[in-house]
Amino acid sequence: MSLKDEGFKRYLGKKYPETWRDMPIAAIVPWPGNTAEVKTHAWRTIRPVINQDKCIRCRLCWTFCPDGAILEVDEEYKTSSGRVFKVSYKVDYDHCKGCGICAAECPVNAIEMVPEER
Ligand code: SF4
Ligand code: SF4
């Protein structure tokens, strides 16, 4: 059962709302984690691409992304100069909206915004 289905069930005692009367007052979202299931990238026109070799793992992009779309993953990376990092930063392209904040905040210009191609 998906998080959304589970949320409805917990809230209404049934799997889906059957009429508008079943909808939460003021259309609030009574269950957490719902956007994890919704892909919010569809209207992105530019996408961030992280240069792993330039990235100094400062975590600023992770901190500033308003959509939580920068992921810190346990993936070791050795740069061309021999520096070894235990983590890497990746973009969750299902949820990144292409706002460019991560690229603007990166202190070493390791994030490039490139045109989206579909
Ligand atoms: S472009 Fe915006 S939404 Fe996408 S990862 Fe960067 S800060 Fe997050
Ligand atoms: S802000 Fe730039 S240098 Fe810092 S973790 Fe993100 S990509 Fe790497």
# chains A, B, ... in the order shown; residues from 1 in each chain; ligands from 1
$ residues_near_ligand --ligand "ligand 2" --cutoff "9 Å" --atoms "only C-alpha atoms and all ligand atoms" --output "ChimeraX atom specification"
/A:49-52,54-64,70,72,88-90,102-111
$ residues_near_ligand --ligand "ligand 1" --cutoff "6 Å" --atoms "only C-alpha atoms and all ligand atoms" --output "PDB file with N, CA and C atoms, in the first residue's frame"
ATOM      1  N   PRO A  48      20.201  20.906 -12.891  1.00  0.00           N
ATOM      2  CA  PRO A  48      21.549  21.018 -12.342  1.00  0.00           C
ATOM      3  C   PRO A  48      22.350  19.742 -12.589  1.00  0.00           C
ATOM      4  N   CYS A  65      18.652  23.649  -1.051  1.00  0.00           N
ATOM      5  CA  CYS A  65      17.624  23.204  -2.004  1.00  0.00           C
ATOM      6  C   CYS A  65      16.248  23.233  -1.336  1.00  0.00           C
ATOM      7  N   PRO A  66      15.308  24.000  -1.882  1.00  0.00           N
ATOM      8  CA  PRO A  66      13.992  24.110  -1.248  1.00  0.00           C
ATOM      9  C   PRO A  66      13.137  22.858  -1.402  1.00  0.00           C
ATOM     10  N   ASP A  67      13.568  21.950  -2.246  1.00  0.00           N
ATOM     11  CA  ASP A  67      12.763  20.744  -2.481  1.00  0.00           C
ATOM     12  C   ASP A  67      13.406  19.470  -1.939  1.00  0.00           C
ATOM     13  N   ALA A  69      15.925  18.108  -2.979  1.00  0.00           N
ATOM     14  CA  ALA A  69      16.235  17.308  -4.165  1.00  0.00           C
ATOM     15  C   ALA A  69      17.722  17.030  -4.339  1.00  0.00           C
ATOM     16  N   ILE A  70      18.523  17.492  -3.370  1.00  0.00           N
ATOM     17  CA  ILE A  70      19.938  17.111  -3.392  1.00  0.00           C
ATOM     18  C   ILE A  70      20.088  15.968  -2.392  1.00  0.00           C
ATOM     19  N   VAL A  91      21.626  14.624  -7.626  1.00  0.00           N
ATOM     20  CA  VAL A  91      20.341  15.319  -7.773  1.00  0.00           C
ATOM     21  C   VAL A  91      19.230  14.293  -7.943  1.00  0.00           C
ATOM     22  N   CYS A  96      13.543  17.637  -8.381  1.00  0.00           N
ATOM     23  CA  CYS A  96      14.192  18.922  -8.663  1.00  0.00           C
ATOM     24  C   CYS A  96      13.334  19.722  -9.632  1.00  0.00           C
ATOM     25  N   LYS A  97      13.103  20.991  -9.296  1.00  0.00           N
ATOM     26  CA  LYS A  97      12.278  21.825 -10.188  1.00  0.00           C
ATOM     27  C   LYS A  97      13.127  22.756 -11.051  1.00  0.00           C
ATOM     28  N   GLY A  98      14.441  22.670 -10.915  1.00  0.00           N
ATOM     29  CA  GLY A  98      15.317  23.446 -11.788  1.00  0.00           C
ATOM     30  C   GLY A  98      15.423  24.918 -11.433  1.00  0.00           C
ATOM     31  N   CYS A  99      15.284  25.232 -10.159  1.00  0.00           N
ATOM     32  CA  CYS A  99      15.288  26.651  -9.753  1.00  0.00           C
ATOM     33  C   CYS A  99      16.684  27.270  -9.808  1.00  0.00           C
ATOM     34  N   GLY A 100      17.714  26.449  -9.707  1.00  0.00           N
ATOM     35  CA  GLY A 100      19.083  26.958  -9.808  1.00  0.00           C
ATOM     36  C   GLY A 100      19.683  27.477  -8.513  1.00  0.00           C
ATOM     37  N   ILE A 101      18.950  27.344  -7.407  1.00  0.00           N
ATOM     38  CA  ILE A 101      19.488  27.837  -6.125  1.00  0.00           C
ATOM     39  C   ILE A 101      20.769  27.082  -5.760  1.00  0.00           C
ATOM     40  N   CYS A 102      20.781  25.790  -5.974  1.00  0.00           N
ATOM     41  CA  CYS A 102      21.971  25.000  -5.630  1.00  0.00           C
ATOM     42  C   CYS A 102      23.192  25.522  -6.381  1.00  0.00           C
TER      43      CYS A 102
END
$ select_by_dssp --residues "chain A" --states "strand (DSSP E or B)" --output "count of residues only"
22
